[in-house]
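Heads up: the structure comes next, in structure tokens.
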Amino acid sequence: MSEEEQNGQGSGVETYNPPEDFAKNANIQDPEIWQKANEDREGFWESWAEELHWFQKWDQVCNWDPPFVQWFVGGKTNPAYNCLDYQIEQGRGDKTALLWIGDEEGDRQTYTYNELLAEVNKCANMLKSFGIEKGSTVSIYLPMIPELPIAMLACSRIGAIHSVVFSAFQPAQLAERINDVEAPVLITADESPRGGKKTPLKEYSEAALEDAPSVQNVIVVRRTGEDVPWDDDRDHYWDELMDQQSDECPAEELDAEDPWFVLYSSGSTGKPKGIQHNVGGLQVQLKATFMWVCDHKEDDIWWCTADIGWITGHSYLVYAPLLCGGTTLQFEGTPTYPDNDRWFQIIENEGVTGLYAAPTAIRAFQQAGADETIRDHDLSSLRILGSVGEPINPDAWRWYYENIGQERCAIVDTWWQTETGAIMSSNLPGINEMVPGSTTYPFPGIEFGLYDSEEQQFLECPASGELIIPKPWPSQLRTLWQDPDRYKDEYFSDVDEQTYYVEDGATCDETGAYTITGRIDDVLNVSGHRLSTVEIENALQGTEGVAEAAVIGRSHDTKGEEPVGFVIIQEGYEWSEDMEQDLIDHVAEEAGSISKPARVFAVDDLPKTNSGKIMRRILENISEGEELGDTSTLADPSIAETIQEQTQQQMQ
Ligand code: PRX
């Protein structure tokens with residue numbers, strides 16, 4: 001049999017067998033595991049909970065009072081204890097826990113489990129000295145430096161709720177997030193060096209704090225040592241305070257349902273959603289998925305390339321690897337600085353065994369012809385590759401498999417969300433065939449379904465529809481920060497009060513394997529970053545001369561999607577290339593450069609229904625150069641053609 005046939009490429013669906021060696025040694029090899037888990041879902045999750053340390057065991061595994069859920073009710077635990085002390089108790093004190101690689105070549109630092117625990121304890125004591133205690137909130141706005149996981153673990157240790165704000169966000173975005181959690185302490189750095197450029201985080205913080213009155217103390221990490229604006233009464237250098245702290249600090253015995261952290265994510269309105277995860281269930285699902293999907297082994301060097309400012313970094317750079325006693329690599333820089341072989345150099349130098357990256361990075365390498373560059377590096381340490389954040393197109397999948405994986409690594413395509421906290425669906429790498437572009441099956445103990453909201457009916461596989469999750473899962477978000485009504489409204493109202501509505505389209509085949517096709521709400525996925533069209537529209541509307549704005553995603557070869565704006569300009573203003581550039585720059589200032597529209601088009605009107613809702617689908621068709629499609633539900637169907645003509649003229 002030829003390799004192609006063996007790999008299922010002749011059968012319509014392209015499939016690849018798990019690498020033989022990998023399958024033989026995989027942590028999970030039992031093909032009955034889905035059935036076994038589904039027969040006793042609570043027992044299944046309970047057996048994973050038993051792998052962690054609990055100060056006190058739970059009384060009840062799951063308490064489902066739709067749409068609110070609790071897991072391991074009555075149990076007492078602590079994530080930092082599980083990530084550090086519990087690992088040290090198992091003999092990992094001198095093992096490297098955190099391996100940090102800086103932006104400049106040669107910048108490298110390691111922390112053993114013992115060393116990391118000492119730093120975390122000092123940081124916890126430093127936070128306590130500012131009155132931070134169980135239930136307090138702490139905002140963290142740091143570059144990708146070791147102090148970021150240290151601060152997160154320190155908060156976890158004392159039961160303070162961390163809210164990490166992505167360091168590429170702008171002052172207004174930082175202020176909004178600080179205000180929502182009313183944090184009394186902000187941890188930031190002087191500057192953030194990345195790709196050879198520096199972002200002035202302290203200066204940005206200063207601007208944000210003008211509108212964020214809750215912050216009484218700012219702790220500043222000296223990353224570059226540059227002089228920064230300073231307020232003696234409020235600002236403190238991290239190193240000066242840390243030097244004074246004891247390296248002992250007991251871990252707080254937290255209730256399984258105490259909040260762990262809040263992380264903001266874009267929704268279909270302009271106001272970001274404060275997604276709240278609690279300490280019990282998320283730890284359990286992180287442990288389970290890291291062992292079975294990421295197939296963690298004691299000697300692994302795991303590299304999750306995501307920024308910790310997003311959920312992937314929280315869950316699979318910081319917490320999951322440490323909960324499993326692993327070595328996690330944190331990289332501050334970019335794939336192309338100083339040269340475009342930086343990633344491959346790191347893999348080779350550090351002997352990375354697992355790489356977890358977004359399809360956008362893979363596509364960028366593919367386009368840059370990196371297969372040449374790769375040949376100069378020894379990537380033989382790699383054994384597992386992961387994909388996360390957006391659908392991976394089969395072509396990029398194959399490139400990943402052939403060039404980075406050199407046809408001997410397993411690839412796991414993992415679907416999940418900020419809201420789900422942990423991986424929900426992926427092929428299990430020792431069992432399932434790999435299908436480029438498909439995340440295949442829900443993780444054991446998780447159930448998926450499809451729904452058709454037009455017909456208001458549940459669909460049976462094989463089918464194509466809207467993804468739903470009919471039963472609660474341990475790492476489920478518990479609520480939106482201090483807004484249970486919005487939580488219910490956003491996730492448990494489209495179908496019924498018990499069914500989590502994902503906002504992704506999906507198909508499933510007769511075996512129950514799922515392929516996720518992408519968002520069906522007004523959320524864009526740009527280079528794996530989740531952005532709200534409304535937030536970008538608000539930024540456009542806030543610019544002088546703009547009367548109204550609509551933003552859509554246009555497909556892009558490497559980024560997946562890129563924002564494109566349509567604006568109606570006010571009378572008295574003249575549309576010009578300069579004005580378009582001003583609008584683009586303004587969005588970058590307000591919402592960060594990833595939100596920057598590729599183009600903005602001036603049009604006479606926007607395509608609206610009778611009720612005033614903008615039909616973005618029509619704008620999407622126009623920007624892709626496709627047929628307009630059905631315009632009959634527009635209040636004025638003729639406007640679609642006018643917009644099309646005006647857009648085409650400006651495209652030339
Ligand atoms: O549309 C899905 C897409 O990313 C969305 C979640 O974005 P976020 O909360 O930022 O979390 C990203 C990292 C977990 C989902 O609703 N998505 C994520 N992973 C995949 C994916 N789409 C297809 N395949 C995936 N593997």
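Identifiers for the structure tokens are assigned positionally: chains receive A, B, ... in sequence, residues are indexed from 1 per chain, and ligands are indexed from 1 in the order shown.
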
>> What residues of the protein or nucleic acid chains come within 6 Å of ligand 1 when you use only C-alpha atoms and all ligand atoms? Reply as a list in words.
In response: Thr312, Val388, Gly389, Glu390, Pro391, Asp413, Thr414, Trp415, Trp416, Gln417, Thr418, Asp504, Ile516, Gly518, Arg519, His529 and Arg530 of chain A

Residue selection dump (all heavy atoms) as a compact mmCIF listing (two decimals), in the first residue's frame:
```
# COMPACT_ATOMS: atom_id res chain seq x y z
N THR A 312 -4.87 31.26 25.81
CA THR A 312 -3.97 30.14 25.49
C THR A 312 -2.71 30.22 26.35
O THR A 312 -2.23 29.20 26.85
CB THR A 312 -3.61 30.14 23.99
OG1 THR A 312 -4.82 30.24 23.25
CG2 THR A 312 -2.89 28.88 23.59
N VAL A 388 -4.03 26.06 17.44
CA VAL A 388 -5.08 26.64 18.29
C VAL A 388 -5.44 28.03 17.84
O VAL A 388 -4.61 28.75 17.29
CB VAL A 388 -4.62 26.69 19.77
CG1 VAL A 388 -3.34 27.49 19.95
CG2 VAL A 388 -5.71 27.25 20.69
N GLY A 389 -6.68 28.42 18.07
CA GLY A 389 -7.09 29.81 17.92
C GLY A 389 -7.95 30.11 16.72
O GLY A 389 -8.67 31.10 16.71
N GLU A 390 -7.87 29.30 15.70
CA GLU A 390 -8.66 29.54 14.49
C GLU A 390 -8.62 28.26 13.66
O GLU A 390 -7.76 27.39 13.89
CB GLU A 390 -8.09 30.71 13.70
CG GLU A 390 -6.61 30.57 13.50
CD GLU A 390 -5.99 31.65 12.64
OE1 GLU A 390 -6.60 32.06 11.65
OE2 GLU A 390 -4.86 32.03 12.96
N PRO A 391 -9.51 28.16 12.70
CA PRO A 391 -9.46 26.97 11.85
C PRO A 391 -8.12 26.93 11.10
O PRO A 391 -7.65 27.97 10.64
CB PRO A 391 -10.62 27.17 10.87
CG PRO A 391 -11.53 28.17 11.52
CD PRO A 391 -10.63 29.05 12.35
N ASP A 413 -5.12 19.38 16.61
CA ASP A 413 -5.85 20.61 16.29
C ASP A 413 -6.87 20.78 17.41
O ASP A 413 -7.80 19.99 17.55
CB ASP A 413 -6.52 20.46 14.92
CG ASP A 413 -7.26 21.72 14.50
OD1 ASP A 413 -7.26 22.71 15.27
OD2 ASP A 413 -7.85 21.72 13.39
N THR A 414 -6.65 21.81 18.23
CA THR A 414 -7.41 21.92 19.48
C THR A 414 -8.40 23.07 19.39
O THR A 414 -8.01 24.21 19.18
CB THR A 414 -6.44 22.18 20.66
OG1 THR A 414 -5.79 23.44 20.44
CG2 THR A 414 -5.39 21.09 20.75
N TRP A 415 -9.67 22.76 19.58
CA TRP A 415 -10.69 23.82 19.58
C TRP A 415 -11.09 24.12 21.02
O TRP A 415 -11.40 23.22 21.80
CB TRP A 415 -11.95 23.39 18.81
CG TRP A 415 -12.99 24.48 18.88
CD1 TRP A 415 -13.13 25.51 18.03
CD2 TRP A 415 -13.99 24.65 19.90
NE1 TRP A 415 -14.15 26.34 18.44
CE2 TRP A 415 -14.70 25.83 19.59
CE3 TRP A 415 -14.34 23.93 21.05
CZ2 TRP A 415 -15.75 26.30 20.38
CZ3 TRP A 415 -15.38 24.40 21.84
CH2 TRP A 415 -16.08 25.58 21.50
N TRP A 416 -11.10 25.39 21.35
CA TRP A 416 -11.65 25.83 22.63
C TRP A 416 -11.77 27.34 22.59
O TRP A 416 -11.53 27.96 21.56
CB TRP A 416 -10.82 25.33 23.81
CG TRP A 416 -9.35 25.64 23.79
CD1 TRP A 416 -8.41 25.18 22.90
CD2 TRP A 416 -8.63 26.48 24.70
NE1 TRP A 416 -7.17 25.67 23.22
CE2 TRP A 416 -7.27 26.46 24.32
CE3 TRP A 416 -8.99 27.22 25.84
CZ2 TRP A 416 -6.29 27.17 25.01
CZ3 TRP A 416 -8.02 27.92 26.53
CH2 TRP A 416 -6.68 27.90 26.11
N GLN A 417 -12.17 27.95 23.70
CA GLN A 417 -12.40 29.40 23.75
C GLN A 417 -11.96 29.94 25.12
O GLN A 417 -11.81 29.17 26.07
CB GLN A 417 -13.90 29.70 23.67
CG GLN A 417 -14.63 29.13 22.50
CD GLN A 417 -16.11 29.52 22.59
OE1 GLN A 417 -16.83 29.04 23.46
NE2 GLN A 417 -16.56 30.37 21.69
N THR A 418 -11.86 31.26 25.21
CA THR A 418 -11.59 31.88 26.51
C THR A 418 -12.62 31.37 27.52
O THR A 418 -12.30 31.06 28.66
CB THR A 418 -11.68 33.42 26.39
OG1 THR A 418 -10.92 33.84 25.27
CG2 THR A 418 -11.16 34.10 27.64
N ASP A 504 -20.05 29.54 17.10
CA ASP A 504 -19.22 29.03 16.00
C ASP A 504 -20.09 28.14 15.11
O ASP A 504 -20.94 27.42 15.62
CB ASP A 504 -18.09 28.13 16.54
CG ASP A 504 -16.84 28.92 16.90
OD1 ASP A 504 -16.84 30.15 16.73
OD2 ASP A 504 -15.88 28.29 17.36
N ILE A 516 -14.80 22.74 12.76
CA ILE A 516 -15.31 24.06 13.13
C ILE A 516 -15.07 25.00 11.96
O ILE A 516 -13.95 25.06 11.44
CB ILE A 516 -14.57 24.61 14.38
CG1 ILE A 516 -14.46 23.54 15.48
CG2 ILE A 516 -15.18 25.91 14.87
CD1 ILE A 516 -15.71 23.14 16.16
N GLY A 518 -15.88 28.46 11.97
CA GLY A 518 -15.55 29.85 12.32
C GLY A 518 -16.71 30.55 13.02
O GLY A 518 -17.80 30.00 13.16
N ARG A 519 -16.45 31.78 13.43
CA ARG A 519 -17.45 32.54 14.21
C ARG A 519 -18.66 32.87 13.36
O ARG A 519 -18.55 33.16 12.18
CB ARG A 519 -16.85 33.86 14.69
CG ARG A 519 -15.62 33.76 15.54
CD ARG A 519 -15.84 33.24 16.91
NE ARG A 519 -16.75 34.04 17.71
CZ ARG A 519 -16.91 33.87 19.04
NH1 ARG A 519 -16.22 32.96 19.69
NH2 ARG A 519 -17.76 34.61 19.70
N HIS A 529 -6.28 36.34 17.05
CA HIS A 529 -6.74 37.26 18.10
C HIS A 529 -8.20 37.56 17.90
O HIS A 529 -8.65 37.86 16.80
CB HIS A 529 -5.95 38.58 18.05
CG HIS A 529 -4.51 38.40 18.38
ND1 HIS A 529 -3.52 38.86 17.56
CD2 HIS A 529 -3.90 37.80 19.42
CE1 HIS A 529 -2.35 38.55 18.09
NE2 HIS A 529 -2.55 37.91 19.21
N ARG A 530 -8.92 37.52 19.00
CA ARG A 530 -10.37 37.70 18.91
C ARG A 530 -10.70 39.18 19.08
O ARG A 530 -10.40 39.76 20.10
CB ARG A 530 -10.99 36.85 20.02
CG ARG A 530 -12.44 36.80 19.99
CD ARG A 530 -12.84 35.66 20.90
NE ARG A 530 -14.06 35.99 21.56
CZ ARG A 530 -14.63 35.20 22.46
NH1 ARG A 530 -14.06 34.07 22.83
NH2 ARG A 530 -15.76 35.56 23.01
```

> Per DSSP on the backbone, what are the helix (DSSP H, G or I) residues of segment 138-378 of chain A, as a PyMOL selection string?
Replying inline: chain A and resi 147-158+171-181+201-209+238-242+279-292+311-323+342-350+359-367+370-374

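Going from atom CA of Gln173 of chain A over to atom CA of Asp233 of chain A, you cover 24.5 Å.
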
> Hey, what does DSSP flag as strand (DSSP E) within segment 428-567 of chain A? Can you give it to me as a PyMOL selection string?
Replying inline: chain A and resi 449-452+457-459+463-469+479-480+500-508+514-519+523-526+529-532+546-556+560-567

>> as a count of residues only, please: the residues near segment 544-557 of chain A (cut-off 6 Å, only C-alpha atoms, same-chain neighbours under 5 positions excluded).
In response: 11

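The nearest approach to Ile392 of chain A among the residues A:Lys559, A:Lys287, A:Lys134, A:Lys271, with only C-alpha atoms taken into account, belongs to A:Lys559.
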
>> Residues within 7 Å of Leu186 of chain A, please, as a list in words. Count only C-alpha atoms; anything in the same chain fewer than 6 positions from it doesn't count.
In response: Val138, Ser139, Ile140, Val215, Asn217, Val218 and Ile219 of chain A

Atoms to include: all heavy atoms. Write the selected residues as a short mmCIF file (atom, residue, chain, number, x, y, z; two decimals), in the first residue's frame.
```
data_model
loop_
_atom_site.label_atom_id
_atom_site.label_comp_id
_atom_site.auth_asym_id
_atom_site.auth_seq_id
_atom_site.Cartn_x
_atom_site.Cartn_y
_atom_site.Cartn_z
N VAL A 138 -6.19 42.20 41.10
CA VAL A 138 -4.90 42.78 40.73
C VAL A 138 -4.84 42.83 39.21
O VAL A 138 -5.03 41.81 38.55
CB VAL A 138 -3.73 41.92 41.27
CG1 VAL A 138 -2.39 42.46 40.80
CG2 VAL A 138 -3.76 41.82 42.80
N SER A 139 -4.58 44.00 38.66
CA SER A 139 -4.40 44.10 37.20
C SER A 139 -2.93 43.96 36.86
O SER A 139 -2.07 44.53 37.55
CB SER A 139 -4.92 45.44 36.67
OG SER A 139 -6.33 45.48 36.77
N ILE A 140 -2.65 43.20 35.81
CA ILE A 140 -1.26 42.92 35.43
C ILE A 140 -1.10 43.29 33.96
O ILE A 140 -1.81 42.76 33.10
CB ILE A 140 -0.91 41.43 35.66
CG1 ILE A 140 -1.21 41.02 37.12
CG2 ILE A 140 0.54 41.16 35.31
CD1 ILE A 140 -0.95 39.55 37.43
N VAL A 215 -6.73 52.45 41.31
CA VAL A 215 -5.34 52.02 41.55
C VAL A 215 -4.63 52.95 42.53
O VAL A 215 -4.49 54.14 42.29
CB VAL A 215 -4.55 51.96 40.21
CG1 VAL A 215 -3.08 51.66 40.46
CG2 VAL A 215 -5.16 50.89 39.30
N ASN A 217 -1.59 51.71 44.10
CA ASN A 217 -0.17 51.38 44.04
C ASN A 217 0.18 50.74 42.70
O ASN A 217 -0.58 49.89 42.21
CB ASN A 217 0.21 50.42 45.17
CG ASN A 217 0.22 51.13 46.51
OD1 ASN A 217 1.11 51.92 46.79
ND2 ASN A 217 -0.80 50.87 47.31
N VAL A 218 1.32 51.15 42.16
CA VAL A 218 1.78 50.58 40.89
C VAL A 218 3.15 49.96 41.14
O VAL A 218 4.05 50.61 41.68
CB VAL A 218 1.89 51.67 39.80
CG1 VAL A 218 2.39 51.08 38.49
CG2 VAL A 218 0.54 52.36 39.60
N ILE A 219 3.27 48.68 40.77
CA ILE A 219 4.56 48.00 40.92
C ILE A 219 5.17 47.89 39.53
O ILE A 219 4.53 47.40 38.61
CB ILE A 219 4.36 46.60 41.54
CG1 ILE A 219 3.63 46.71 42.89
CG2 ILE A 219 5.69 45.88 41.69
CD1 ILE A 219 3.20 45.39 43.48
#
```

> Within 12 Å of Glu627 of chain A, counting only C-alpha atoms, which residues qualify if same-chain residues fewer than 2 places away don't, as number ranges by chain?
Replying inline: A: 617-625, 629-631, 640-641, 644

> Could you name the residues that touch Ser527 of chain A at 8 Å or less, counting only C-alpha atoms, but leaving out those on the same chain fewer than 4 positions away, as a ChimeraX atom specification?
Replying inline: /A:358-361,558-561

> If you count only C-alpha atoms, which residues fall within 12 Å of Lys488 of chain A, apart from same-chain ones fewer than 6 positions away, as a count of residues only?
Replying inline: 16

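The interatomic distance for the pair atom CA of Thr15 of chain A and atom CA of Glu447 of chain A works out to 23.2 Å.
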
> Between A:Leu209, A:Ile469, A:Ile187, A:Ala37, which has the minimum distance to Ala172 of chain A (counting only C-alpha atoms)?
Replying inline: A:Leu209
